[in-house]
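Asker: Contents of structure-v7.tsv (TSV, C-alpha atoms and all ligand atoms) are given next:
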chain	number	residue	atom	x	y	z
A	797	MET	CA	2.85	-9.01	-49.35
A	798	ARG	CA	2.27	-10.05	-52.92
A	799	ASN	CA	-1.36	-10.19	-53.89
A	800	THR	CA	-2.88	-13.06	-55.81
A	801	VAL	CA	-5.29	-12.44	-58.66
A	802	THR	CA	-7.55	-14.42	-60.92
A	803	ILE	CA	-8.56	-12.93	-64.27
A	804	GLN	CA	-11.55	-13.41	-66.59
A	805	ILE	CA	-11.57	-13.39	-70.39
A	806	HIS	CA	-14.92	-13.45	-72.16
A	807	THR	CA	-15.00	-15.17	-75.55
A	808	GLY	CA	-18.73	-14.70	-76.30
A	809	GLY	CA	-21.94	-16.56	-75.53
A	810	PHE	CA	-22.63	-20.22	-76.29
A	811	ASP	CA	-24.26	-19.57	-79.64
A	812	SER	CA	-22.93	-16.14	-80.63
A	813	THR	CA	-20.02	-15.42	-82.95
A	814	PRO	CA	-16.85	-16.00	-80.93
A	815	ALA	CA	-14.93	-12.92	-79.90
A	816	SER	CA	-11.88	-12.43	-82.09
A	817	LEU	CA	-9.20	-12.41	-79.44
A	818	ASP	CA	-6.18	-10.18	-79.98
A	819	ILE	CA	-3.70	-12.63	-78.47
A	820	PRO	CA	-0.61	-10.30	-78.53
A	821	ALA	CA	-2.66	-7.59	-76.76
A	822	ILE	CA	-3.91	-10.09	-74.15
A	823	LYS	CA	-0.36	-11.34	-73.54
A	824	LYS	CA	0.83	-7.76	-73.08
A	825	LYS	CA	-1.90	-7.10	-70.52
A	826	LEU	CA	-1.17	-10.34	-68.69
A	827	SER	CA	2.57	-9.68	-68.63
A	828	GLY	CA	1.93	-6.58	-66.51
A	829	PHE	CA	0.32	-8.79	-63.89
A	830	TYR	CA	3.09	-11.40	-64.08
A	831	ASN	CA	5.61	-8.66	-63.28
A	832	LYS	CA	3.68	-7.53	-60.22
A	833	THR	CA	1.65	-10.32	-58.72
A	834	HIS	CA	0.75	-14.00	-58.70
A	835	VAL	CA	-1.85	-14.97	-61.31
A	836	GLU	CA	-3.56	-18.04	-59.85
A	837	CYS	CA	-5.79	-18.74	-62.83
A	838	VAL	CA	-7.48	-17.27	-65.88
A	839	MET	CA	-11.12	-18.12	-66.53
A	840	ILE	CA	-11.94	-18.26	-70.23
A	841	GLY	CA	-15.41	-18.68	-71.68
A	842	TRP	CA	-17.83	-19.59	-72.81
A	843	ASN	CA	-18.00	-19.68	-76.60
A	844	PRO	CA	-17.10	-23.23	-77.68
A	845	LYS	CA	-15.64	-22.07	-81.00
A	846	ALA	CA	-13.27	-19.41	-79.69
A	847	GLU	CA	-9.65	-19.87	-80.79
A	848	ILE	CA	-7.80	-20.07	-77.49
A	849	GLY	CA	-5.01	-22.58	-78.17
A	850	GLU	CA	-2.19	-19.99	-78.33
A	851	LEU	CA	-3.49	-18.25	-75.20
A	852	VAL	CA	-3.69	-21.54	-73.29
A	853	ASP	CA	-0.09	-22.38	-74.33
A	854	TYR	CA	1.07	-19.00	-73.02
A	855	LEU	CA	-0.75	-19.43	-69.71
A	856	ARG	CA	0.74	-22.91	-69.30
A	857	GLN	CA	4.26	-21.51	-69.87
A	858	GLN	CA	3.58	-19.05	-67.04
A	859	GLY	CA	2.30	-21.76	-64.71
A	860	THR	CA	-1.16	-20.20	-64.60
A	861	GLY	CA	-4.24	-22.39	-64.15
A	862	VAL	CA	-6.71	-22.37	-67.02
A	863	TYR	CA	-10.39	-22.57	-66.10
A	864	LEU	CA	-13.39	-22.94	-68.38
A	865	TRP	CA	-15.88	-20.19	-67.48
A	866	LEU	CA	-19.16	-22.09	-67.73
A	867	PRO	CA	-22.69	-20.74	-67.07
A	868	VAL	CA	-24.88	-23.51	-65.70
A	869	PHE	CA	-28.59	-22.76	-65.35
A	870	SER	CA	-28.88	-20.01	-67.97
A	871	GLY	CA	-27.59	-19.46	-71.46
A	872	LEU	CA	-28.54	-22.65	-73.28
A	873	ASP	CA	-31.73	-23.62	-75.08
A	874	GLY	CA	-33.51	-26.73	-73.90
A	875	PHE	CA	-34.01	-26.00	-70.20
A	876	SER	CA	-37.48	-26.60	-68.81
A	877	PRO	CA	-38.92	-23.39	-67.33
A	878	LEU	CA	-39.55	-22.36	-63.77
A	879	ILE	CA	-43.20	-22.58	-62.74
A	880	GLY	CA	-44.85	-19.78	-60.79
A	881	THR	CA	-47.39	-19.73	-57.98
A	882	ASN	CA	-50.21	-19.75	-60.55
A	883	ARG	CA	-48.72	-22.98	-61.97
A	884	THR	CA	-47.75	-21.47	-65.32
A	885	PRO	CA	-44.22	-20.84	-66.66
A	886	VAL	CA	-42.59	-17.75	-65.23
A	887	VAL	CA	-41.42	-15.24	-67.79
A	888	HIS	CA	-38.13	-13.73	-66.77
A	889	SER	CA	-36.26	-12.50	-69.79
A	890	TYR	CA	-33.74	-9.74	-69.39
A	891	LYS	CA	-31.96	-8.04	-72.24
A	892	ALA	CA	-28.27	-7.94	-71.45
A	893	GLU	CA	-25.18	-6.77	-73.25
A	894	LYS	CA	-23.63	-8.92	-75.97
A	895	GLY	CA	-26.52	-11.36	-76.00
A	896	GLU	CA	-25.77	-12.71	-72.53
A	897	ARG	CA	-28.85	-14.55	-71.31
A	898	PHE	CA	-30.59	-14.52	-67.96
A	899	ASP	CA	-33.45	-16.95	-68.59
A	900	PHE	CA	-33.02	-19.56	-65.92
A	901	GLY	CA	-33.94	-23.23	-65.89
A	902	CYS	CA	-34.90	-24.73	-62.54
A	903	PRO	CA	-31.83	-25.88	-60.56
A	904	ALA	CA	-33.93	-28.70	-59.07
A	905	ASP	CA	-34.59	-30.30	-62.46
A	906	HIS	CA	-32.15	-33.19	-62.96
A	907	ASN	CA	-32.63	-32.91	-66.73
A	908	ASN	CA	-31.09	-29.44	-66.63
A	909	ILE	CA	-27.99	-30.77	-64.89
A	910	ARG	CA	-27.72	-33.59	-67.42
A	911	HIS	CA	-28.16	-31.04	-70.20
A	912	ILE	CA	-25.15	-28.96	-69.13
A	913	LYS	CA	-23.00	-32.08	-68.68
A	914	GLN	CA	-23.87	-33.23	-72.20
A	915	TYR	CA	-23.13	-29.78	-73.60
A	916	PHE	CA	-19.77	-29.80	-71.84
A	917	GLU	CA	-18.88	-33.25	-73.16
A	918	ALA	CA	-19.89	-32.34	-76.71
A	919	ASN	CA	-18.01	-29.05	-76.78
A	920	PHE	CA	-15.29	-28.74	-74.16
A	921	SER	CA	-13.88	-32.13	-73.31
A	922	ASP	CA	-10.37	-31.40	-74.47
A	923	ASP	CA	-7.25	-31.00	-72.40
A	924	TYR	CA	-7.21	-27.20	-72.25
A	925	TYR	CA	-8.58	-26.89	-68.77
A	926	ASP	CA	-7.38	-27.35	-65.20
A	927	GLY	CA	-10.65	-26.30	-63.67
A	928	ILE	CA	-14.23	-25.27	-64.25
A	929	PHE	CA	-15.55	-21.89	-63.10
A	930	LEU	CA	-19.30	-22.34	-62.58
A	931	ASP	CA	-21.38	-19.22	-63.24
A	932	LYS	CA	-25.15	-18.63	-62.96
A	933	ILE	CA	-25.56	-21.34	-60.35
A	934	ARG	CA	-28.76	-19.95	-58.91
A	935	PHE	CA	-32.43	-19.18	-59.21
A	936	PRO	CA	-33.36	-15.89	-60.94
A	937	SER	CA	-33.04	-12.58	-59.11
A	938	PHE	CA	-35.42	-9.63	-58.98
A	939	ILE	CA	-34.34	-8.24	-62.35
A	940	SER	CA	-37.64	-9.30	-63.94
A	941	GLY	CA	-39.85	-8.60	-60.95
A	942	LYS	CA	-40.89	-10.62	-57.92
A	943	ASP	CA	-42.55	-13.59	-59.66
A	944	PRO	CA	-39.28	-15.29	-60.78
A	945	VAL	CA	-38.08	-15.12	-57.17
A	946	LEU	CA	-41.26	-16.57	-55.66
A	947	THR	CA	-40.73	-19.86	-57.51
A	948	CYS	CA	-40.60	-22.74	-58.21
A	949	PHE	CA	-43.59	-25.10	-58.44
A	950	CYS	CA	-42.33	-27.40	-61.18
A	951	PRO	CA	-42.61	-31.20	-60.73
A	952	PHE	CA	-39.04	-31.26	-59.33
A	953	CYS	CA	-39.88	-28.73	-56.64
A	954	GLN	CA	-42.39	-30.95	-54.83
A	955	PRO	CA	-41.41	-29.80	-51.31
A	956	LEU	CA	-42.77	-26.37	-52.12
A	957	HIS	CA	-46.10	-27.78	-53.28
A	958	ASN	CA	-46.77	-28.72	-49.67
A	959	LEU	CA	-46.45	-25.16	-48.45
A	960	SER	CA	-49.71	-23.46	-47.75
A	961	GLU	CA	-50.30	-20.65	-50.20
A	962	ILE	CA	-47.27	-18.38	-50.46
A	963	ARG	CA	-49.00	-15.15	-49.73
A	964	GLU	CA	-48.60	-12.40	-52.22
A	965	PRO	CA	-46.05	-10.08	-50.63
A	966	LEU	CA	-47.56	-6.78	-49.67
A	967	ASN	CA	-46.79	-3.40	-51.08
A	968	THR	CA	-44.92	-2.35	-47.97
A	969	GLU	CA	-41.36	-1.36	-47.18
A	970	ASN	CA	-40.70	-4.93	-45.99
A	971	PRO	CA	-42.55	-7.24	-48.41
A	972	LEU	CA	-40.52	-10.36	-47.54
A	973	ASP	CA	-40.87	-9.94	-43.76
A	974	LEU	CA	-37.11	-9.66	-43.24
A	975	VAL	CA	-36.29	-9.50	-39.54
A	976	ALA	CA	-32.51	-9.74	-39.24
A	977	TYR	CA	-29.35	-10.56	-41.22
A	978	THR	CA	-26.89	-12.76	-39.37
A	979	GLY	CA	-24.44	-15.43	-40.49
A	980	LEU	CA	-25.03	-14.39	-44.14
A	981	ARG	CA	-28.72	-15.33	-43.89
A	982	TYR	CA	-31.90	-13.37	-43.40
A	983	GLU	CA	-34.26	-14.30	-40.65
A	984	ILE	CA	-37.80	-14.09	-42.06
A	985	SER	CA	-40.92	-13.98	-39.89
A	986	ASN	CA	-43.25	-15.39	-42.56
A	987	GLU	CA	-42.86	-19.17	-42.32
A	988	ASN	CA	-43.74	-19.90	-45.93
A	989	LEU	CA	-41.27	-17.39	-47.29
A	990	ALA	CA	-38.61	-18.63	-44.89
A	991	GLU	CA	-39.15	-22.19	-46.14
A	992	LEU	CA	-39.13	-21.02	-49.77
A	993	PHE	CA	-35.67	-19.50	-49.43
A	994	ALA	CA	-34.36	-22.38	-47.30
A	995	TYR	CA	-35.55	-24.78	-50.01
A	996	LYS	CA	-33.82	-22.74	-52.72
A	997	ALA	CA	-30.55	-22.81	-50.78
A	998	ARG	CA	-30.73	-26.59	-50.34
A	999	THR	CA	-31.62	-27.09	-54.00
A	1000	VAL	CA	-28.80	-24.99	-55.44
A	1001	THR	CA	-26.29	-26.52	-53.03
A	1002	ASP	CA	-27.39	-30.07	-53.94
A	1003	SER	CA	-27.30	-29.40	-57.70
A	1004	VAL	CA	-23.95	-27.62	-57.64
A	1005	THR	CA	-22.50	-30.34	-55.40
A	1006	ALA	CA	-23.61	-32.97	-57.93
A	1007	LEU	CA	-22.10	-31.01	-60.79
A	1008	ALA	CA	-18.87	-30.30	-58.92
A	1009	THR	CA	-18.56	-33.98	-58.02
A	1010	TYR	CA	-18.93	-34.85	-61.70
A	1011	PHE	CA	-16.20	-32.38	-62.74
A	1012	ARG	CA	-13.90	-33.30	-59.88
A	1013	GLY	CA	-14.24	-36.92	-60.96
A	1014	LYS	CA	-12.69	-35.81	-64.25
A	1015	GLY	CA	-9.80	-34.16	-62.42
A	1016	TYR	CA	-10.92	-30.54	-62.60
A	1017	LYS	CA	-10.72	-27.97	-59.84
A	1018	ILE	CA	-13.84	-25.91	-59.14
A	1019	GLY	CA	-14.43	-22.17	-58.84
A	1020	LEU	CA	-17.82	-20.58	-58.14
A	1021	ASP	CA	-19.24	-17.20	-59.18
A	1022	LEU	CA	-21.53	-15.99	-56.38
A	1023	PHE	CA	-23.75	-13.02	-55.61
A	1024	ALA	CA	-22.60	-10.94	-52.66
A	1025	PRO	CA	-24.03	-12.58	-49.52
A	1026	TYR	CA	-26.68	-9.98	-48.72
A	1027	LEU	CA	-28.17	-10.63	-52.19
A	1028	SER	CA	-27.23	-14.30	-52.61
A	1029	PHE	CA	-29.86	-15.36	-50.07
A	1030	PHE	CA	-32.66	-14.39	-52.50
A	1031	VAL	CA	-31.29	-16.52	-55.37
A	1032	GLY	CA	-30.57	-19.67	-53.38
A	1033	GLN	CA	-26.83	-19.33	-52.92
A	1034	ASP	CA	-25.74	-20.48	-49.48
A	1035	TYR	CA	-22.04	-19.86	-48.91
A	1036	ASN	CA	-21.77	-22.45	-46.20
A	1037	GLY	CA	-23.02	-25.29	-48.41
A	1038	LEU	CA	-21.48	-24.16	-51.68
A	1039	ALA	CA	-17.96	-23.51	-50.41
A	1040	LYS	CA	-17.60	-27.21	-49.54
A	1041	CYS	CA	-17.55	-28.18	-53.21
A	1042	ALA	CA	-15.21	-25.43	-54.42
A	1043	ASP	CA	-11.48	-24.75	-54.49
A	1044	PHE	CA	-12.27	-21.07	-54.62
A	1045	ILE	CA	-15.27	-18.78	-54.60
A	1046	LYS	CA	-15.61	-15.36	-56.18
A	1047	PRO	CA	-18.23	-13.18	-54.48
A	1048	MET	CA	-19.18	-10.45	-56.95
A	1049	PHE	CA	-18.64	-7.19	-55.10
A	1050	TYR	CA	-19.62	-5.06	-58.07
A	1051	ARG	CA	-20.45	-1.64	-56.67
A	1052	GLU	CA	-20.36	0.10	-60.08
A	1053	THR	CA	-22.11	-2.46	-62.27
A	1054	TYR	CA	-25.60	-1.57	-63.49
A	1055	ALA	CA	-26.47	-5.05	-64.71
A	1056	PRO	CA	-27.28	-8.42	-63.08
A	1057	ALA	CA	-25.16	-9.17	-59.98
A	1058	GLY	CA	-24.30	-5.47	-59.61
A	1059	LEU	CA	-24.85	-4.45	-55.99
A	1060	PRO	CA	-26.73	-1.18	-56.51
A	1061	PHE	CA	-28.57	-2.58	-59.52
A	1062	GLU	CA	-29.90	-5.73	-57.82
A	1063	LEU	CA	-30.88	-3.77	-54.71
A	1064	ASN	CA	-32.86	-1.32	-56.85
A	1065	MET	CA	-34.49	-4.21	-58.68
A	1066	TYR	CA	-35.55	-5.75	-55.35
A	1067	ALA	CA	-36.98	-2.45	-54.20
A	1068	ALA	CA	-38.89	-1.88	-57.46
A	1069	ALA	CA	-40.14	-5.47	-57.83
A	1070	PHE	CA	-42.96	-5.04	-55.32
A	1071	GLY	CA	-44.41	-1.86	-56.83
A	1072	GLY	CA	-45.33	1.43	-55.21
A	1073	ASP	CA	-44.36	5.03	-55.79
A	1074	PRO	CA	-40.74	6.25	-55.82
A	1075	HIS	CA	-40.96	7.14	-52.14
A	1076	MET	CA	-42.08	3.59	-51.23
A	1077	ILE	CA	-39.38	2.05	-53.42
A	1078	GLU	CA	-36.70	4.16	-51.73
A	1079	SER	CA	-38.07	3.26	-48.26
A	1080	ARG	CA	-37.96	-0.44	-49.19
A	1081	LYS	CA	-34.34	-0.13	-50.28
A	1082	GLN	CA	-33.35	1.72	-47.12
A	1083	HIS	CA	-35.19	-0.85	-45.01
A	1084	LEU	CA	-33.22	-3.74	-46.49
A	1085	LEU	CA	-29.96	-1.88	-45.90
A	1086	ARG	CA	-30.97	-1.30	-42.26
A	1087	VAL	CA	-31.72	-5.01	-41.84
A	1088	ALA	CA	-28.29	-5.73	-43.36
A	1089	ASN	CA	-26.80	-3.41	-40.71
A	1090	THR	CA	-25.52	-0.73	-43.04
A	1091	SER	CA	-26.58	2.63	-44.44
A	1092	GLU	CA	-25.00	2.11	-47.83
A	1093	VAL	CA	-23.10	-0.44	-49.88
A	1094	ASN	CA	-19.57	0.82	-49.33
A	1095	VAL	CA	-16.12	-0.65	-48.67
A	1096	ASP	CA	-16.79	-1.04	-44.94
A	1097	PHE	CA	-19.92	-3.07	-45.61
A	1098	ILE	CA	-18.09	-5.27	-48.14
A	1099	ASN	CA	-15.32	-5.85	-45.62
A	1100	ARG	CA	-17.91	-7.04	-43.09
A	1101	GLU	CA	-19.36	-9.34	-45.75
A	1102	ILE	CA	-15.87	-10.78	-46.37
A	1103	ILE	CA	-15.39	-11.43	-42.65
A	1104	GLY	CA	-18.78	-13.18	-42.57
A	1105	ILE	CA	-17.84	-15.32	-45.56
A	1106	ARG	CA	-14.52	-16.36	-44.01
A	1107	GLU	CA	-16.35	-17.69	-40.98
A	1108	VAL	CA	-18.26	-20.26	-43.05
A	1109	ILE	CA	-16.00	-21.35	-45.93
A	1110	GLY	CA	-13.21	-23.25	-44.18
A	1111	ASP	CA	-10.13	-23.66	-46.36
A	1112	THR	CA	-11.82	-22.66	-49.61
A	1113	LYS	CA	-10.08	-19.65	-51.14
A	1114	LEU	CA	-11.92	-16.34	-51.47
A	1115	TYR	CA	-11.10	-14.02	-54.34
A	1116	ALA	CA	-13.01	-10.75	-54.06
A	1117	GLY	CA	-14.70	-10.09	-57.40
A	1118	ILE	CA	-14.17	-6.49	-58.49
A	1119	GLU	CA	-14.65	-4.82	-61.85
A	1120	ILE	CA	-11.70	-3.51	-63.84
A	1121	ASN	CA	-13.36	-3.61	-67.27
A	1122	TYR	CA	-15.12	-0.60	-68.80
A	1123	ASN	CA	-18.55	-0.24	-70.36
A	1124	GLU	CA	-19.89	3.30	-70.65
A	1125	ARG	CA	-23.49	2.32	-69.88
A	1126	ILE	CA	-23.34	-0.55	-67.38
A	1127	ALA	CA	-19.81	-0.56	-65.95
A	1128	PRO	CA	-18.30	2.94	-66.00
A	1129	ILE	CA	-15.28	1.78	-64.01
A	1130	THR	CA	-12.80	4.48	-63.00
A	1131	THR	CA	-9.22	4.26	-61.81
A	1132	PRO	CA	-9.98	5.70	-58.32
A	1133	TYR	CA	-12.66	3.03	-57.84
A	1134	ILE	CA	-10.19	0.27	-58.76
A	1135	ARG	CA	-7.55	1.69	-56.41
A	1136	GLU	CA	-10.10	2.02	-53.60
A	1137	ASN	CA	-11.18	-1.61	-53.93
A	1138	ILE	CA	-7.69	-3.07	-54.11
A	1139	SER	CA	-6.22	-0.94	-51.34
A	1140	GLN	CA	-9.15	-1.12	-48.91
A	1141	LEU	CA	-10.78	-4.53	-49.26
A	1142	LYS	CA	-9.16	-6.81	-46.66
A	1143	ASN	CA	-9.10	-10.45	-45.60
A	1144	ALA	CA	-9.62	-12.01	-49.02
A	1145	ASP	CA	-7.04	-14.41	-50.54
A	1146	GLY	CA	-6.81	-12.07	-53.51
A	1147	PHE	CA	-8.89	-10.43	-56.19
A	1148	ALA	CA	-10.90	-11.77	-59.11
A	1149	LEU	CA	-10.37	-9.08	-61.73
A	1150	SER	CA	-13.63	-8.98	-63.67
A	1151	TRP	CA	-15.47	-9.17	-65.91
A	1152	ASP	CA	-13.28	-9.28	-69.00
A	1153	LEU	CA	-9.60	-8.47	-69.53
A	1154	CYS	CA	-10.19	-7.73	-73.23
A	1155	SER	CA	-12.55	-4.85	-72.44
A	1156	THR	CA	-10.28	-3.42	-69.76
A	1157	PRO	CA	-8.58	-0.13	-70.74
A	1158	ASP	CA	-4.84	0.22	-70.17
A	1159	ASP	CA	-5.45	2.97	-67.59
A	1160	ASN	CA	-7.57	0.60	-65.51
A	1161	ILE	CA	-4.90	-2.10	-65.71
A	1162	SER	CA	-2.26	0.43	-64.64
A	1163	ALA	CA	-4.43	1.47	-61.68
A	1164	ALA	CA	-4.85	-2.16	-60.61
A	1165	LEU	CA	-1.12	-2.83	-60.96
A	1166	GLU	CA	-0.24	0.26	-58.89
A	1167	ALA	CA	-2.57	-0.81	-56.08
A	1168	LEU	CA	-1.69	-4.51	-55.99
A	1201	ZN	ZN	-38.55	-26.18	-60.01
Can you present the structure in this file as structure tokens?
Ligand SMILES: [Zn+2]

Answerer:
Amino acid sequence: MRNTVTIQIHTGGFDSTPASLDIPAIKKKLSGFYNKTHVECVMIGWNPKAEIGELVDYLRQQGTGVYLWLPVFSGLDGFSPLIGTNRTPVVHSYKAEKGERFDFGCPADHNNIRHIKQYFEANFSDDYYDGIFLDKIRFPSFISGKDPVLTCFCPFCQPLHNLSEIREPLNTENPLDLVAYTGLRYEISNENLAELFAYKARTVTDSVTALATYFRGKGYKIGLDLFAPYLSFFVGQDYNGLAKCADFIKPMFYRETYAPAGLPFELNMYAAAFGGDPHMIESRKQHLLRVANTSEVNVDFINREIIGIREVIGDTKLYAGIEINYNERIAPITTPYIRENISQLKNADGFALSWDLCSTPDDNISAALEAL
């Protein structure tokens, strides 16, 4: 059976110099996929000044959907900060490649949602796009420690103000009192922590639903970039709620990415966020994997995650997000890894080939084409 793929092209951050796109080279790479598979859409973003007209014309000629790749709660100035348990702003900077930002505004704050709509209208309301691919639709993860996760107590997060003190998680192998992982959610024995994460899920779902409704009202389709389920719980991404407002979702199954959303990376950040010696940190990591019913993050585990996702997303399409790009330090993607993912991941509607076609070596494209 012919596979379906979606493809991402990064054009630079909101306020960085736009990437100078080599359009003939991009067309050559894309033509390989057109010869072999169905390209459902290409997600292009998010620099507003990038010259993409010729690329969009080409994609239109091929009948490929064109999506704007749009980060939502991180990447712009002007967001009000998250507020921590001590009622002061939470610092959660993280230095990423190419100036990509991971300083999140609170998803509950209606001003933040208005802010991204205004930015869109000022910079992207042209007729290039068929859909909007919403990225960074979440609360922060553990990449800057535990404090950004144990939020938020801003004026928009009133329901959390009623919780009795969220106790400082202990320096144990199970600091969040995780009991079980079923239906893509963790059962947590500590009532305050359970309510914190339930609140985050409701908040992100409500905000993304409002934003998706706004874009759908303008005639756009919606795609969502999501953490893998066993990590998404901690950032407020609930597949059940979010899938309802999307035409497709892209769970990021990045097993070889050592940067935010990467599966080994985020797991290590969780384990390290609560302190302790290397032995404790390793025990904490192994404990979470045991709760998630696996011994390691491998293809079998991802396939179980995909089956779990299918049970809650109805007719929404699922494109498994896998890396094909190459970055020596944070994404050393090899051809065997690409072949393993494409040949062994099952039950998705296709693959989201990430993160950026322009930084994908020819060998990696050849490996993907062979396996598709
Ligand atoms: Zn808040």

Asker: Find the residues near ligand ZN 1201 (chain A). Use a cut-off of 6 Å, count only C-alpha atoms and all ligand atoms, and write them as a short mmCIF file (atom, residue, chain, number, x, y, z; two decimals) with C-alpha atoms, in the frame of the given file.

Answerer:
data_model
loop_
_atom_site.label_atom_id
_atom_site.label_comp_id
_atom_site.auth_asym_id
_atom_site.auth_seq_id
_atom_site.Cartn_x
_atom_site.Cartn_y
_atom_site.Cartn_z
CA LEU A 878 -39.55 -22.36 -63.77
CA CYS A 902 -34.90 -24.73 -62.54
CA ALA A 904 -33.93 -28.70 -59.07
CA CYS A 948 -40.60 -22.74 -58.21
CA PHE A 949 -43.59 -25.10 -58.44
CA CYS A 950 -42.33 -27.40 -61.18
CA PHE A 952 -39.04 -31.26 -59.33
CA CYS A 953 -39.88 -28.73 -56.64
#

Asker: Given all atoms listed in the file, how would the per-residue table for segment 1118-1143 of chain A near segment 1059-1065 of chain A read, listing every residue at most 12 Å away with its closest atom pair and distance in Å to one decimal, sorted by chain and number, as JSON lines?

Answerer:
{"residue": "A:Ile1118", "atom": "CA", "partner": "A:Leu1059", "partner_atom": "CA", "distance": 11.2}
{"residue": "A:Glu1119", "atom": "CA", "partner": "A:Leu1059", "partner_atom": "CA", "distance": 11.8}
{"residue": "A:Ile1126", "atom": "CA", "partner": "A:Phe1061", "partner_atom": "CA", "distance": 9.7}
{"residue": "A:Ala1127", "atom": "CA", "partner": "A:Phe1061", "partner_atom": "CA", "distance": 11.1}

Asker: If I take atom CA of Lys942 of chain A and atom CA of Asn908 of chain A, how far is one from the other in Å, to one decimal?

Answerer: 22.9 Å

Asker: Expressed in Å to a single decimal, how great is the separation between atom CA of Ala1088 of chain A and atom CA of Tyr1035 of chain A?

Answerer: 16.4 Å

Asker: If you count all atoms listed in the file, which residues fall within 9 Å of Ser870 of chain A, apart from same-chain ones fewer than 2 positions away, as a ChimeraX atom specification?

Answerer: /A:867-868,872-873,875,897-901,931-933

Asker: To one decimal in Å, tell me the separation between atom CA of Glu964 of chain A and atom CA of Ile1077 of chain A.

Answerer: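 Atom CA of Glu964 of chain A sits 17.2 Å away from atom CA of Ile1077 of chain A.
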
Asker: Of the candidates A:Glu836, A:Glu1124, A:Asp923, A:Glu1166, which shows the shortest atom-to-atom distance to Gly849 of chain A, using all atoms listed in the file?

Answerer: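 With all atoms listed in the file as the atom set, the closest residue is A:Asp923.
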
Asker: Give, as lines of an AutoDock Vina configuration file, the centre coordinates and the x, y and z edge lengths in Å to one decimal for an axis-aligned box around all listed atoms of segment 1092-1107 of chain A, padded by 6 Å on each side.

Answerer:
center_x = -19.8
center_y = -7.8
center_z = -45.4
size_x = 22.5
size_y = 31.8
size_z = 20.9

Asker: Name the residues in contact with Ile928 of chain A at a cut-off of 9 Å, using all atoms listed in the file, excluding same-chain residues fewer than 6 positions from it; report them as a ChimeraX atom specification.

Answerer: /A:839,862-866,1008,1011,1016-1020

Asker: Please complete segment 1019-1032 of chain A with N, CA and C atoms and give it back as a tab-separated table (two decimals), in the frame of the given file.

Answerer:
chain	number	residue	atom	x	y	z
A	1019	GLY	N	-14.22	-23.53	-59.33
A	1019	GLY	CA	-14.43	-22.17	-58.84
A	1019	GLY	C	-15.90	-21.81	-58.97
A	1020	LEU	N	-16.40	-20.95	-58.10
A	1020	LEU	CA	-17.82	-20.58	-58.14
A	1020	LEU	C	-17.99	-19.06	-58.18
A	1021	ASP	N	-18.88	-18.62	-59.06
A	1021	ASP	CA	-19.24	-17.20	-59.18
A	1021	ASP	C	-20.50	-16.98	-58.34
A	1022	LEU	N	-20.41	-16.12	-57.32
A	1022	LEU	CA	-21.53	-15.99	-56.38
A	1022	LEU	C	-21.96	-14.53	-56.21
A	1023	PHE	N	-23.26	-14.34	-56.01
A	1023	PHE	CA	-23.75	-13.02	-55.61
A	1023	PHE	C	-23.13	-12.66	-54.26
A	1024	ALA	N	-23.01	-11.37	-54.00
A	1024	ALA	CA	-22.60	-10.94	-52.66
A	1024	ALA	C	-23.61	-11.50	-51.65
A	1025	PRO	N	-23.14	-11.87	-50.45
A	1025	PRO	CA	-24.03	-12.58	-49.52
A	1025	PRO	C	-25.38	-11.90	-49.26
A	1026	TYR	N	-25.41	-10.60	-49.09
A	1026	TYR	CA	-26.68	-9.98	-48.72
A	1026	TYR	C	-27.70	-10.04	-49.85
A	1027	LEU	N	-27.25	-10.40	-51.07
A	1027	LEU	CA	-28.17	-10.63	-52.19
A	1027	LEU	C	-28.30	-12.11	-52.52
A	1028	SER	N	-27.26	-12.89	-52.20
A	1028	SER	CA	-27.23	-14.30	-52.61
A	1028	SER	C	-28.37	-15.10	-51.97
A	1029	PHE	N	-28.78	-14.68	-50.78
A	1029	PHE	CA	-29.86	-15.36	-50.07
A	1029	PHE	C	-31.11	-15.48	-50.95
A	1030	PHE	N	-31.40	-14.43	-51.73
A	1030	PHE	CA	-32.66	-14.39	-52.50
A	1030	PHE	C	-32.60	-15.26	-53.75
A	1031	VAL	N	-31.41	-15.69	-54.15
A	1031	VAL	CA	-31.29	-16.52	-55.37
A	1031	VAL	C	-30.88	-17.96	-55.05
A	1032	GLY	N	-30.84	-18.29	-53.76
A	1032	GLY	CA	-30.57	-19.67	-53.38
A	1032	GLY	C	-29.10	-20.02	-53.24
